[in-house]
Structures are given as structure tokens and as C-alpha cells.
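So this block is entry_18.pdb, PDB, C-alpha atoms, pLDDT in the B column:
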ATOM      1  CA  MET A   1     183.563  96.214-160.053  1.00 76.00           C
ATOM      2  CA  LYS A   2     183.120  92.707-158.676  1.00 75.00           C
ATOM      3  CA  TRP A   3     180.261  93.880-156.417  1.00 76.00           C
ATOM      4  CA  VAL A   4     178.528  95.554-159.365  1.00 84.00           C
ATOM      5  CA  LEU A   5     178.591  92.191-161.142  1.00 87.00           C
ATOM      6  CA  VAL A   6     177.361  90.426-157.995  1.00 79.00           C
ATOM      7  CA  ALA A   7     174.489  92.955-157.688  1.00 81.00           C
ATOM      8  CA  ALA A   8     173.484  92.537-161.347  1.00 88.00           C
ATOM      9  CA  MET A   9     173.606  88.768-160.966  1.00 88.00           C
ATOM     10  CA  VAL A  10     171.552  88.767-157.749  1.00 81.00           C
ATOM     11  CA  VAL A  11     168.749  91.087-158.914  1.00 86.00           C
ATOM     12  CA  ALA A  12     168.409  89.237-162.234  1.00 90.00           C
ATOM     13  CA  THR A  13     168.374  85.884-160.426  1.00 87.00           C
ATOM     14  CA  VAL A  14     165.656  86.938-157.958  1.00 84.00           C
ATOM     15  CA  LEU A  15     163.401  88.294-160.671  1.00 89.00           C
ATOM     16  CA  GLY A  16     164.007  85.255-162.902  1.00 88.00           C
ATOM     17  CA  ASP A  17     163.255  82.754-160.130  1.00 79.00           C
ATOM     18  CA  LEU A  18     160.060  84.487-159.069  1.00 81.00           C
ATOM     19  CA  LEU A  19     158.738  84.606-162.620  1.00 86.00           C
ATOM     20  CA  GLN A  20     159.699  80.959-163.270  1.00 83.00           C
ATOM     21  CA  SER A  21     158.205  79.633-160.055  1.00 77.00           C
ATOM     22  CA  HIS A  22     154.978  81.610-160.578  1.00 80.00           C
ATOM     23  CA  GLU A  23     154.598  80.471-164.188  1.00 81.00           C
ATOM     24  CA  MET A  24     155.479  76.791-163.584  1.00 78.00           C
ATOM     25  CA  LYS A  25     152.947  76.534-160.769  1.00 79.00           C
ATOM     26  CA  GLN A  26     150.324  77.382-163.372  1.00 78.00           C
ATOM     27  CA  ALA A  27     151.791  75.142-166.091  1.00 71.00           C
ATOM     28  CA  GLY A  28     151.596  71.984-163.948  1.00 71.00           C
ATOM     29  CA  GLU A  29     154.059  69.203-163.144  1.00 67.00           C
ATOM     30  CA  GLN A  30     156.867  68.556-165.659  1.00 64.00           C
ATOM     31  CA  SER A  31     159.356  65.708-166.048  1.00 64.00           C
ATOM     32  CA  VAL A  32     162.961  65.534-167.300  1.00 62.00           C
ATOM     33  CA  SER A  33     162.582  62.613-169.738  1.00 69.00           C
ATOM     34  CA  ALA A  34     163.277  63.334-173.438  1.00 69.00           C
ATOM     35  CA  ARG A  35     159.535  63.785-174.081  1.00 73.00           C
ATOM     36  CA  GLY A  36     159.262  65.762-170.856  1.00 74.00           C
ATOM     37  CA  PHE A  37     161.895  68.254-172.045  1.00 75.00           C
ATOM     38  CA  ALA A  38     160.111  68.661-175.397  1.00 79.00           C
ATOM     39  CA  ARG A  39     156.864  69.391-173.538  1.00 77.00           C
ATOM     40  CA  LEU A  40     158.726  71.770-171.228  1.00 77.00           C
ATOM     41  CA  LEU A  41     160.086  73.740-174.217  1.00 80.00           C
ATOM     42  CA  HIS A  42     156.525  73.919-175.565  1.00 81.00           C
ATOM     43  CA  VAL A  43     155.286  75.265-172.208  1.00 78.00           C
ATOM     44  CA  ILE A  44     158.100  77.863-172.170  1.00 78.00           C
ATOM     45  CA  ALA A  45     157.247  79.059-175.710  1.00 80.00           C
ATOM     46  CA  GLN A  46     153.639  79.728-174.694  1.00 80.00           C
ATOM     47  CA  ARG A  47     154.348  81.763-171.562  1.00 82.00           C
ATOM     48  CA  ARG A  48     155.708  85.304-171.986  1.00 86.00           C
ATOM     49  CA  LEU A  49     156.493  85.876-168.319  1.00 88.00           C
ATOM     50  CA  LEU A  50     158.384  82.584-168.275  1.00 87.00           C
ATOM     51  CA  ILE A  51     160.447  83.792-171.263  1.00 90.00           C
ATOM     52  CA  LEU A  52     161.116  87.056-169.357  1.00 92.00           C
ATOM     53  CA  GLY A  53     162.209  84.938-166.387  1.00 90.00           C
ATOM     54  CA  ILE A  54     164.646  83.076-168.611  1.00 86.00           C
ATOM     55  CA  ALA A  55     165.910  86.413-170.057  1.00 89.00           C
ATOM     56  CA  CYS A  56     166.674  87.453-166.460  1.00 91.00           C
ATOM     57  CA  ASN A  57     168.645  84.224-166.135  1.00 82.00           C
ATOM     58  CA  ALA A  58     170.633  85.230-169.233  1.00 84.00           C
ATOM     59  CA  VAL A  59     171.603  88.588-167.647  1.00 88.00           C
ATOM     60  CA  SER A  60     172.537  86.741-164.472  1.00 88.00           C
ATOM     61  CA  PHE A  61     174.537  84.250-166.550  1.00 85.00           C
ATOM     62  CA  PHE A  62     176.584  86.904-168.383  1.00 90.00           C
ATOM     63  CA  SER A  63     177.327  88.629-165.066  1.00 91.00           C
ATOM     64  CA  PHE A  64     178.512  85.290-163.694  1.00 91.00           C
ATOM     65  CA  MET A  65     180.762  84.733-166.739  1.00 92.00           C
ATOM     66  CA  ALA A  66     182.391  88.135-166.180  1.00 92.00           C
ATOM     67  CA  LEU A  67     182.731  87.450-162.443  1.00 90.00           C
ATOM     68  CA  VAL A  68     184.458  84.044-162.731  1.00 92.00           C
ATOM     69  CA  GLN A  69     186.907  85.518-165.220  1.00 92.00           C
ATOM     70  CA  THR A  70     188.525  87.652-162.519  1.00 88.00           C
ATOM     71  CA  GLU A  71     187.363  86.158-159.188  1.00 87.00           C
ATOM     72  CA  PRO A  72     187.757  82.639-157.703  1.00 89.00           C
ATOM     73  CA  LEU A  73     184.886  80.193-158.242  1.00 89.00           C
ATOM     74  CA  SER A  74     184.811  79.714-154.455  1.00 88.00           C
ATOM     75  CA  PHE A  75     183.864  83.412-154.166  1.00 81.00           C
ATOM     76  CA  ALA A  76     181.663  83.822-157.244  1.00 85.00           C
ATOM     77  CA  VAL A  77     179.287  80.950-156.511  1.00 83.00           C
ATOM     78  CA  PRO A  78     178.645  81.721-152.809  1.00 76.00           C
ATOM     79  CA  ALA A  79     178.307  85.424-153.690  1.00 73.00           C
ATOM     80  CA  SER A  80     175.531  84.492-156.123  1.00 74.00           C
ATOM     81  CA  SER A  81     173.511  83.216-153.183  1.00 68.00           C
ATOM     82  CA  ALA A  82     173.169  86.761-151.801  1.00 68.00           C
ATOM     83  CA  SER A  83     169.822  86.459-153.570  1.00 71.00           C
ATOM     84  CA  PHE A  84     168.763  83.790-151.107  1.00 66.00           C
ATOM     85  CA  VAL A  85     167.163  85.819-148.281  1.00 60.00           C
ATOM     86  CA  LEU A  86     165.408  88.125-150.693  1.00 67.00           C
ATOM     87  CA  GLU A  87     163.978  85.153-152.606  1.00 67.00           C
ATOM     88  CA  THR A  88     162.781  83.375-149.470  1.00 69.00           C
ATOM     89  CA  LEU A  89     161.052  86.548-148.283  1.00 71.00           C
ATOM     90  CA  LEU A  90     159.469  87.092-151.686  1.00 74.00           C
ATOM     91  CA  ALA A  91     158.389  83.430-151.812  1.00 70.00           C
ATOM     92  CA  LYS A  92     156.506  84.026-148.585  1.00 78.00           C
ATOM     93  CA  PHE A  93     155.040  87.465-149.257  1.00 81.00           C
ATOM     94  CA  VAL A  94     154.544  87.406-153.032  1.00 78.00           C
ATOM     95  CA  LEU A  95     153.992  83.703-153.823  1.00 73.00           C
ATOM     96  CA  HIS A  96     152.271  83.102-150.443  1.00 84.00           C
ATOM     97  CA  GLU A  97     154.177  79.898-149.748  1.00 81.00           C
ATOM     98  CA  ARG A  98     154.078  78.602-146.169  1.00 82.00           C
ATOM     99  CA  LEU A  99     157.511  78.573-144.482  1.00 79.00           C
ATOM    100  CA  GLY A 100     157.586  76.314-141.390  1.00 76.00           C
ATOM    101  CA  ALA A 101     159.855  77.116-138.414  1.00 82.00           C
ATOM    102  CA  ARG A 102     162.169  74.236-139.329  1.00 72.00           C
ATOM    103  CA  ARG A 103     162.488  75.342-142.924  1.00 70.00           C
ATOM    104  CA  THR A 104     163.039  78.959-141.880  1.00 79.00           C
ATOM    105  CA  ALA A 105     165.752  77.918-139.390  1.00 79.00           C
ATOM    106  CA  GLY A 106     167.440  75.798-142.075  1.00 71.00           C
ATOM    107  CA  ALA A 107     167.256  78.640-144.546  1.00 74.00           C
ATOM    108  CA  LEU A 108     168.805  81.029-142.005  1.00 85.00           C
ATOM    109  CA  ALA A 109     171.647  78.563-141.275  1.00 77.00           C
ATOM    110  CA  VAL A 110     172.337  78.244-144.987  1.00 72.00           C
ATOM    111  CA  LEU A 111     172.323  82.036-145.249  1.00 79.00           C
ATOM    112  CA  ALA A 112     174.754  82.475-142.341  1.00 83.00           C
ATOM    113  CA  GLY A 113     177.030  79.875-143.919  1.00 73.00           C
ATOM    114  CA  VAL A 114     176.886  81.595-147.245  1.00 70.00           C
ATOM    115  CA  VAL A 115     177.820  84.952-145.644  1.00 78.00           C
ATOM    116  CA  LEU A 116     180.897  83.334-144.038  1.00 79.00           C
ATOM    117  CA  VAL A 117     181.876  81.540-147.232  1.00 70.00           C
ATOM    118  CA  GLY A 118     181.614  84.746-149.240  1.00 69.00           C
ATOM    119  CA  GLY A 119     183.406  86.880-146.605  1.00 68.00           C
TER
ATOM    120  CA  MET B   1     148.890  52.195-156.006  1.00 53.00           C
ATOM    121  CA  THR B   2     148.420  53.507-152.471  1.00 65.00           C
ATOM    122  CA  ASN B   3     148.611  57.180-151.575  1.00 72.00           C
ATOM    123  CA  SER B   4     151.787  56.640-149.578  1.00 74.00           C
ATOM    124  CA  SER B   5     153.613  54.811-152.380  1.00 76.00           C
ATOM    125  CA  GLN B   6     152.505  57.521-154.817  1.00 75.00           C
ATOM    126  CA  ARG B   7     153.857  60.123-152.421  1.00 75.00           C
ATOM    127  CA  SER B   8     157.192  58.352-151.939  1.00 78.00           C
ATOM    128  CA  GLY B   9     157.460  57.890-155.733  1.00 79.00           C
ATOM    129  CA  ALA B  10     156.904  61.613-156.241  1.00 79.00           C
ATOM    130  CA  LEU B  11     159.435  62.398-153.522  1.00 81.00           C
ATOM    131  CA  LEU B  12     162.003  60.086-155.145  1.00 86.00           C
ATOM    132  CA  LYS B  13     161.399  61.828-158.481  1.00 87.00           C
ATOM    133  CA  THR B  14     161.945  65.227-156.846  1.00 88.00           C
ATOM    134  CA  TYR B  15     165.258  64.121-155.318  1.00 88.00           C
ATOM    135  CA  PHE B  16     166.385  62.476-158.586  1.00 90.00           C
ATOM    136  CA  VAL B  17     165.794  65.738-160.474  1.00 92.00           C
ATOM    137  CA  LEU B  18     167.572  67.608-157.650  1.00 91.00           C
ATOM    138  CA  VAL B  19     170.732  65.410-157.869  1.00 92.00           C
ATOM    139  CA  PHE B  20     170.715  65.671-161.676  1.00 93.00           C
ATOM    140  CA  PHE B  21     170.531  69.467-161.343  1.00 94.00           C
ATOM    141  CA  LEU B  22     173.428  69.611-158.828  1.00 93.00           C
ATOM    142  CA  ALA B  23     175.692  67.460-161.044  1.00 93.00           C
ATOM    143  CA  LEU B  24     175.022  69.619-164.102  1.00 95.00           C
ATOM    144  CA  LYS B  25     175.556  72.826-162.131  1.00 93.00           C
ATOM    145  CA  ALA B  26     178.869  71.637-160.626  1.00 93.00           C
ATOM    146  CA  ALA B  27     180.245  70.496-163.987  1.00 94.00           C
ATOM    147  CA  GLY B  28     179.021  73.663-165.696  1.00 95.00           C
ATOM    148  CA  ASN B  29     180.460  76.060-163.096  1.00 93.00           C
ATOM    149  CA  SER B  30     183.880  74.384-163.134  1.00 94.00           C
ATOM    150  CA  ALA B  31     184.159  74.258-166.921  1.00 95.00           C
ATOM    151  CA  MET B  32     182.970  77.865-167.163  1.00 94.00           C
ATOM    152  CA  ALA B  33     185.443  79.163-164.549  1.00 94.00           C
ATOM    153  CA  TRP B  34     188.343  77.270-166.127  1.00 94.00           C
ATOM    154  CA  GLY B  35     187.482  78.480-169.626  1.00 94.00           C
ATOM    155  CA  MET B  36     186.847  82.123-168.653  1.00 94.00           C
ATOM    156  CA  LYS B  37     190.163  82.414-166.813  1.00 92.00           C
ATOM    157  CA  HIS B  38     191.936  81.435-170.047  1.00 92.00           C
ATOM    158  CA  ILE B  39     190.292  84.156-172.145  1.00 91.00           C
ATOM    159  CA  PRO B  40     192.617  87.179-172.549  1.00 87.00           C
ATOM    160  CA  GLU B  41     189.934  89.838-173.243  1.00 85.00           C
ATOM    161  CA  ARG B  42     188.179  91.313-170.168  1.00 83.00           C
ATOM    162  CA  MET B  43     184.365  91.102-170.327  1.00 82.00           C
ATOM    163  CA  SER B  44     182.433  94.416-170.513  1.00 80.00           C
ATOM    164  CA  MET B  45     178.904  95.576-171.459  1.00 80.00           C
ATOM    165  CA  ASN B  46     179.501  94.385-175.046  1.00 82.00           C
ATOM    166  CA  PRO B  47     177.463  91.166-175.600  1.00 80.00           C
ATOM    167  CA  ALA B  48     179.722  90.187-178.546  1.00 86.00           C
ATOM    168  CA  LEU B  49     182.545  89.556-176.073  1.00 88.00           C
ATOM    169  CA  TYR B  50     180.421  86.998-174.221  1.00 88.00           C
ATOM    170  CA  LEU B  51     179.398  85.276-177.429  1.00 88.00           C
ATOM    171  CA  ARG B  52     183.041  85.141-178.579  1.00 89.00           C
ATOM    172  CA  ALA B  53     184.043  83.741-175.168  1.00 91.00           C
ATOM    173  CA  MET B  54     181.569  80.901-175.767  1.00 92.00           C
ATOM    174  CA  LEU B  55     183.761  79.712-178.654  1.00 93.00           C
ATOM    175  CA  ASN B  56     186.251  78.517-176.017  1.00 94.00           C
ATOM    176  CA  PRO B  57     185.512  74.759-175.659  1.00 96.00           C
ATOM    177  CA  PHE B  58     185.448  74.855-171.829  1.00 96.00           C
ATOM    178  CA  VAL B  59     183.172  77.892-171.756  1.00 95.00           C
ATOM    179  CA  ALA B  60     180.949  76.194-174.372  1.00 96.00           C
ATOM    180  CA  MET B  61     180.765  73.022-172.255  1.00 96.00           C
ATOM    181  CA  GLY B  62     179.968  75.156-169.218  1.00 95.00           C
ATOM    182  CA  VAL B  63     177.205  76.984-171.085  1.00 93.00           C
ATOM    183  CA  ILE B  64     175.627  73.712-172.290  1.00 95.00           C
ATOM    184  CA  ALA B  65     175.756  72.126-168.813  1.00 95.00           C
ATOM    185  CA  LEU B  66     174.355  75.274-167.174  1.00 90.00           C
ATOM    186  CA  ILE B  67     171.523  75.574-169.725  1.00 89.00           C
ATOM    187  CA  LEU B  68     170.587  71.930-169.046  1.00 94.00           C
ATOM    188  CA  ALA B  69     170.812  72.741-165.322  1.00 92.00           C
ATOM    189  CA  LEU B  70     168.447  75.694-165.867  1.00 81.00           C
ATOM    190  CA  LEU B  71     165.894  73.476-167.654  1.00 88.00           C
ATOM    191  CA  THR B  72     166.221  70.848-164.933  1.00 92.00           C
ATOM    192  CA  ARG B  73     165.642  73.523-162.301  1.00 86.00           C
ATOM    193  CA  ILE B  74     162.501  74.736-164.103  1.00 82.00           C
ATOM    194  CA  ALA B  75     161.245  71.127-164.003  1.00 88.00           C
ATOM    195  CA  LEU B  76     162.147  71.038-160.301  1.00 88.00           C
ATOM    196  CA  PHE B  77     160.002  74.132-159.702  1.00 83.00           C
ATOM    197  CA  SER B  78     157.011  72.173-161.023  1.00 85.00           C
ATOM    198  CA  LEU B  79     157.685  69.417-158.456  1.00 87.00           C
ATOM    199  CA  ALA B  80     158.470  71.537-155.383  1.00 84.00           C
ATOM    200  CA  ASP B  81     158.184  75.073-154.013  1.00 79.00           C
ATOM    201  CA  LEU B  82     160.698  77.873-154.470  1.00 68.00           C
ATOM    202  CA  SER B  83     161.297  77.964-150.704  1.00 68.00           C
ATOM    203  CA  PHE B  84     162.217  74.245-150.831  1.00 76.00           C
ATOM    204  CA  VAL B  85     164.219  74.359-154.086  1.00 79.00           C
ATOM    205  CA  LEU B  86     166.381  77.321-153.056  1.00 68.00           C
ATOM    206  CA  PRO B  87     167.675  75.991-149.718  1.00 69.00           C
ATOM    207  CA  VAL B  88     168.373  72.428-150.925  1.00 75.00           C
ATOM    208  CA  THR B  89     170.171  73.567-154.053  1.00 79.00           C
ATOM    209  CA  ALA B  90     172.428  75.622-151.716  1.00 74.00           C
ATOM    210  CA  VAL B  91     174.459  72.387-151.442  1.00 78.00           C
ATOM    211  CA  GLY B  92     175.698  73.437-154.872  1.00 85.00           C
ATOM    212  CA  TYR B  93     177.599  76.322-153.245  1.00 79.00           C
ATOM    213  CA  VAL B  94     179.505  73.830-151.097  1.00 83.00           C
ATOM    214  CA  ILE B  95     180.306  71.695-154.125  1.00 89.00           C
ATOM    215  CA  ALA B  96     181.535  74.793-155.975  1.00 89.00           C
ATOM    216  CA  VAL B  97     183.910  75.768-153.127  1.00 87.00           C
ATOM    217  CA  PHE B  98     185.265  72.208-153.062  1.00 89.00           C
ATOM    218  CA  LEU B  99     185.772  72.111-156.843  1.00 92.00           C
ATOM    219  CA  GLY B 100     187.344  75.587-156.726  1.00 92.00           C
ATOM    220  CA  LYS B 101     189.918  74.345-154.225  1.00 91.00           C
ATOM    221  CA  VAL B 102     190.638  70.927-155.750  1.00 92.00           C
ATOM    222  CA  PHE B 103     190.463  71.551-159.487  1.00 89.00           C
ATOM    223  CA  LEU B 104     191.105  75.294-159.790  1.00 91.00           C
ATOM    224  CA  HIS B 105     193.671  75.378-156.921  1.00 92.00           C
ATOM    225  CA  GLU B 106     191.985  78.306-155.160  1.00 92.00           C
ATOM    226  CA  THR B 107     192.894  79.264-151.595  1.00 91.00           C
ATOM    227  CA  VAL B 108     189.920  78.564-149.316  1.00 89.00           C
ATOM    228  CA  SER B 109     190.129  80.104-145.814  1.00 91.00           C
ATOM    229  CA  HIS B 110     188.935  78.476-142.549  1.00 90.00           C
ATOM    230  CA  GLN B 111     186.104  80.998-142.469  1.00 88.00           C
ATOM    231  CA  ARG B 112     184.958  79.833-145.877  1.00 85.00           C
ATOM    232  CA  TRP B 113     185.014  76.181-144.778  1.00 83.00           C
ATOM    233  CA  LEU B 114     183.096  77.064-141.595  1.00 86.00           C
ATOM    234  CA  GLY B 115     180.471  78.673-143.769  1.00 79.00           C
ATOM    235  CA  THR B 116     180.439  75.534-145.902  1.00 75.00           C
ATOM    236  CA  LEU B 117     179.588  73.394-142.830  1.00 77.00           C
ATOM    237  CA  LEU B 118     176.768  75.774-141.875  1.00 80.00           C
ATOM    238  CA  ILE B 119     175.372  75.497-145.394  1.00 73.00           C
ATOM    239  CA  PHE B 120     175.409  71.679-145.133  1.00 72.00           C
ATOM    240  CA  ALA B 121     173.586  71.798-141.787  1.00 75.00           C
ATOM    241  CA  GLY B 122     170.975  74.251-143.021  1.00 71.00           C
ATOM    242  CA  ALA B 123     170.390  72.395-146.287  1.00 66.00           C
ATOM    243  CA  ALA B 124     169.933  69.074-144.432  1.00 65.00           C
ATOM    244  CA  LEU B 125     167.405  70.679-142.073  1.00 68.00           C
ATOM    245  CA  VAL B 126     165.407  72.136-144.926  1.00 62.00           C
ATOM    246  CA  GLY B 127     165.668  68.909-146.997  1.00 53.00           C
ATOM    247  CA  SER B 128     163.825  67.005-144.271  1.00 57.00           C
ATOM    248  CA  THR B 129     160.671  69.142-144.580  1.00 56.00           C
ATOM    249  CA  SER B 130     157.729  68.464-146.919  1.00 52.00           C
ATOM    250  CA  ARG B 131     158.400  68.986-150.619  1.00 50.00           C
ATOM    251  CA  ASN B 132     155.389  71.078-151.632  1.00 55.00           C
ATOM    252  CA  THR B 133     154.049  73.649-149.214  1.00 53.00           C
ATOM    253  CA  THR B 134     151.256  75.135-151.311  1.00 52.00           C
ATOM    254  CA  THR B 135     149.404  71.814-151.850  1.00 49.00           C
ATOM    255  CA  PRO B 136     146.505  71.697-149.381  1.00 46.00           C
ATOM    256  CA  ALA B 137     146.927  69.061-146.651  1.00 44.00           C
ATOM    257  CA  GLU B 138     145.009  65.794-147.264  1.00 44.00           C
ATOM    258  CA  VAL B 139     141.761  65.496-145.370  1.00 40.00           C
ATOM    259  CA  PRO B 140     141.951  62.478-143.011  1.00 42.00           C
ATOM    260  CA  LYS B 141     139.268  59.838-143.700  1.00 39.00           C
TER
END
As C-alpha cells, please, write out the structure in this file.
Amino acid sequence: MKWVLVAAMVVATVLGDLLQSHEMKQAGEQSVSARGFARLLHVIAQRRLLILGIACNAVSFFSFMALVQTEPLSFAVPASSASFVLETLLAKFVLHERLGARRTAGALAVLAGVVLVGG
Amino acid sequence: MTNSSQRSGALLKTYFVLVFFLALKAAGNSAMAWGMKHIPERMSMNPALYLRAMLNPFVAMGVIALILALLTRIALFSLADLSFVLPVTAVGYVIAVFLGKVFLHETVSHQRWLGTLLIFAGAALVGSTSRNTTTPAEVPK
């Protein structure tokens, strides 16, 4: 059951992140001041795909709640990063972001670490 | 203001938002885990169970911190690319393992700590690269 929850969490996270990154690139730079947050909420309300991205986060969130109820936090959190490779690949091939060799190597090291931590 | 001071200001802003995000995420995860472990009913497909669980003060605190973390992360996406945000926020996994061991008294194996070190190394490597990879490079004058 714990892997079902991990899978639900990972797929929802990947989809949510892609939608959010894509939409925020179009919305422009935001800040985290009080006025910045108000503007951010306004931006969110106007963008349907961004709302869908946040709905994916909600599914991911509920799966995480169920997971930490029965599993250690030191498993649940690293397990959530199973989405990492998939997201990096999608960032390159769907969002067309440039991944330098250094960044790719760093990302792979993080991934290897995450596999060990979750194992 | 010169281009370089504008750039370093923007970089500082990105890292400030990043640290703010990590703090919220760590606090939220810990409160959530603590609260959820003290709820007797097992979660299922029924959304009402999750909403009822949120009445637990620790779960509620976790939810609030994690929602603020989500909003902060959305703001971070507007400052830097997904392929930058994802690796650097991986430090959060290390923080979570540490908090799991110290505050929730979880058993953390050597293998898990080894993985934690690898995550640190990888995150540091990625953190030293440019913050926004889709912005076209400046044309030299």
C-alpha cells in the first residue's frame, strides 16, 4: 500500500510542477512580500492550468498525509523525490530548459543519494 | 544600478525565497508527521477523513506551513527554472531525514545517511550554476 501512495504522490507532483512552471513563466516574476502574495493569488485565479497544477498538489498532499501516518518521515520525504528524474527529463524535453553538464551531474548525484536514502 | 549589482540582487532574492521555502517545508513536514501519527483512524479514499485529520492542531499547523511553502515555491518558479528549483530544494529531503531522527526518534540506517551526503554534494553542485537557464545570454558590448 505504501508504494501505491508513493506512486500517486509522485505522478501528481510531476504533473503539478510542470503545469506550475509552465504557467509562471508566462505570468512573469513574482515576489513573496504581502503585496506580492496578493498579486500571486490574483495570477493563480486567472490561470486555469495553474489551478489544475495546484489541484495536482492537493492529490499529492493527501497521499503524503496518508503516507506519513504509517511510514517514517525519513522514508516518506525521500520517497517523494522519486519524481525527480522524471521532472528533470520533462523540464528538458517538454519545457525546453537547457541542462548544463554540471547541473546534470549534480542532479544525478542528488538522485543517487535519494535512492540510497529511500532504500 | 549596474547590471552586475542588479544580477546579484536578483540572485540574493532567489536564495532568500529558497531558504524561506525550506524552513516552511521542514516545519510543515514535521508537524504533519507528528500529528498524523497521533490520529487513530487510518486514511483511505474518503476525503472527509483527511479534512477531519486537519482538525488535529499539529496537522493543521503542518497544512498551513506546507500551503505557505507551496505559494513560496510558485514564487520561486517565477525567479528560477524548474531544473534549478528541483535539485536545490532536494536539501529539504536531508533536513526531513534529520528531523525524523531527532524529533520523531526514527531509526536512520548508514545507507540512508550515505544517501543524505550524496544529496548534499549534488545540491551544492547544482546550486553553483546559473539561476535561470531559459533567459537568453547577454550580448557582450
task: Would you list the contacts of A:Met24 as a list of chain:residue names, taking every protein, DNA or RNA residue within 10 Å and counting all atoms listed in the file, but skipping same-chain residues closer than 2 positions in sequence?
output: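 Near neighbours after the sequence-gap exclusion: A:Leu19, A:Gln20, A:Ser21, A:His22, A:Gln26, A:Ala27, A:Gly28, A:Glu29, A:Gln30, A:Leu40, A:Val43, A:Ile44, A:Arg47, A:Leu50, B:Ile74, B:Ala75, B:Leu76, B:Phe77, B:Ser78, B:Leu79.
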Go ahead and dump the residues you just picked, C-alpha atoms, as a PDB file, keeping the file's coordinate frame.
ATOM      1  CA  LEU A  19     158.738  84.606-162.620  1.00 86.00           C
ATOM      2  CA  GLN A  20     159.699  80.959-163.270  1.00 83.00           C
ATOM      3  CA  SER A  21     158.205  79.633-160.055  1.00 77.00           C
ATOM      4  CA  HIS A  22     154.978  81.610-160.578  1.00 80.00           C
ATOM      5  CA  GLN A  26     150.324  77.382-163.372  1.00 78.00           C
ATOM      6  CA  ALA A  27     151.791  75.142-166.091  1.00 71.00           C
ATOM      7  CA  GLY A  28     151.596  71.984-163.948  1.00 71.00           C
ATOM      8  CA  GLU A  29     154.059  69.203-163.144  1.00 67.00           C
ATOM      9  CA  GLN A  30     156.867  68.556-165.659  1.00 64.00           C
ATOM     10  CA  LEU A  40     158.726  71.770-171.228  1.00 77.00           C
ATOM     11  CA  VAL A  43     155.286  75.265-172.208  1.00 78.00           C
ATOM     12  CA  ILE A  44     158.100  77.863-172.170  1.00 78.00           C
ATOM     13  CA  ARG A  47     154.348  81.763-171.562  1.00 82.00           C
ATOM     14  CA  LEU A  50     158.384  82.584-168.275  1.00 87.00           C
TER      15      LEU A  50
ATOM     16  CA  ILE B  74     162.501  74.736-164.103  1.00 82.00           C
ATOM     17  CA  ALA B  75     161.245  71.127-164.003  1.00 88.00           C
ATOM     18  CA  LEU B  76     162.147  71.038-160.301  1.00 88.00           C
ATOM     19  CA  PHE B  77     160.002  74.132-159.702  1.00 83.00           C
ATOM     20  CA  SER B  78     157.011  72.173-161.023  1.00 85.00           C
ATOM     21  CA  LEU B  79     157.685  69.417-158.456  1.00 87.00           C
TER      22      LEU B  79
END
message: Quick check, in Å to one decimal: how far apart do atom CA of B:Ile67 and atom CA of A:Val59 lie?
response: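 If I compute the distance from atom CA of B:Ile67 to atom CA of A:Val59, I get 13.2 Å.
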message: For a quick check of understanding, using all atoms listed in the file, which of B:Ala26, B:Trp34, B:Val19, B:Leu70 has the smallest distance to A:Ala55?
response: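 That would be B:Leu70, the residue with the smallest distance to A:Ala55.
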message: To one decimal place in Å, what is the distance between atom CA of A:Val68 and atom CA of B:Met36?
response: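 Going from atom CA of A:Val68 over to atom CA of B:Met36, I get 6.7 Å.
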Can you list, as a short mmCIF file (atom, residue, chain, number, x, y, z; two decimals) with C-alpha atoms, keeping the file's coordinate frame, the residues that the PyMOL selection byres ((chain A and resi 6) around 10) selects here?
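In the end it all went to part-v8.cif:
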data_model
loop_
_atom_site.label_atom_id
_atom_site.label_comp_id
_atom_site.auth_asym_id
_atom_site.auth_seq_id
_atom_site.Cartn_x
_atom_site.Cartn_y
_atom_site.Cartn_z
CA MET A 1 183.56 96.21 -160.05
CA LYS A 2 183.12 92.71 -158.68
CA TRP A 3 180.26 93.88 -156.42
CA VAL A 4 178.53 95.55 -159.36
CA LEU A 5 178.59 92.19 -161.14
CA ALA A 7 174.49 92.96 -157.69
CA ALA A 8 173.48 92.54 -161.35
CA MET A 9 173.61 88.77 -160.97
CA VAL A 10 171.55 88.77 -157.75
CA VAL A 11 168.75 91.09 -158.91
CA ALA A 12 168.41 89.24 -162.23
CA SER A 60 172.54 86.74 -164.47
CA SER A 63 177.33 88.63 -165.07
CA PHE A 64 178.51 85.29 -163.69
CA ALA A 66 182.39 88.14 -166.18
CA LEU A 67 182.73 87.45 -162.44
CA ALA A 76 181.66 83.82 -157.24
CA VAL A 77 179.29 80.95 -156.51
CA ALA A 79 178.31 85.42 -153.69
CA SER A 80 175.53 84.49 -156.12
CA SER A 81 173.51 83.22 -153.18
CA ALA A 82 173.17 86.76 -151.80
CA SER A 83 169.82 86.46 -153.57
#
message: Starting from the ChimeraX specification (/B :<6) & /A, expand the selection into actual residues of this file and give them as a VMD selection string.
response: chain A and resid 21 24 to 25 29 to 30 66 68 to 69 73 to 74 77 to 78 88 97 to 98 103 106 to 107 109 to 110 113 to 114 116 to 117
message: Could you tell me how far atom CA of B:Ala65 sits from atom CA of A:Thr70, in Å to one decimal place?
response: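 About the pair atom CA of A:Thr70 and atom CA of B:Ala65: they are 21.1 Å apart.
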message: I want to know what sits within 9 Å of A:Leu90, based on all atoms listed in the file, with residues of the same chain fewer than 5 positions away left out; could you give that as a count of residues only?
response: 5
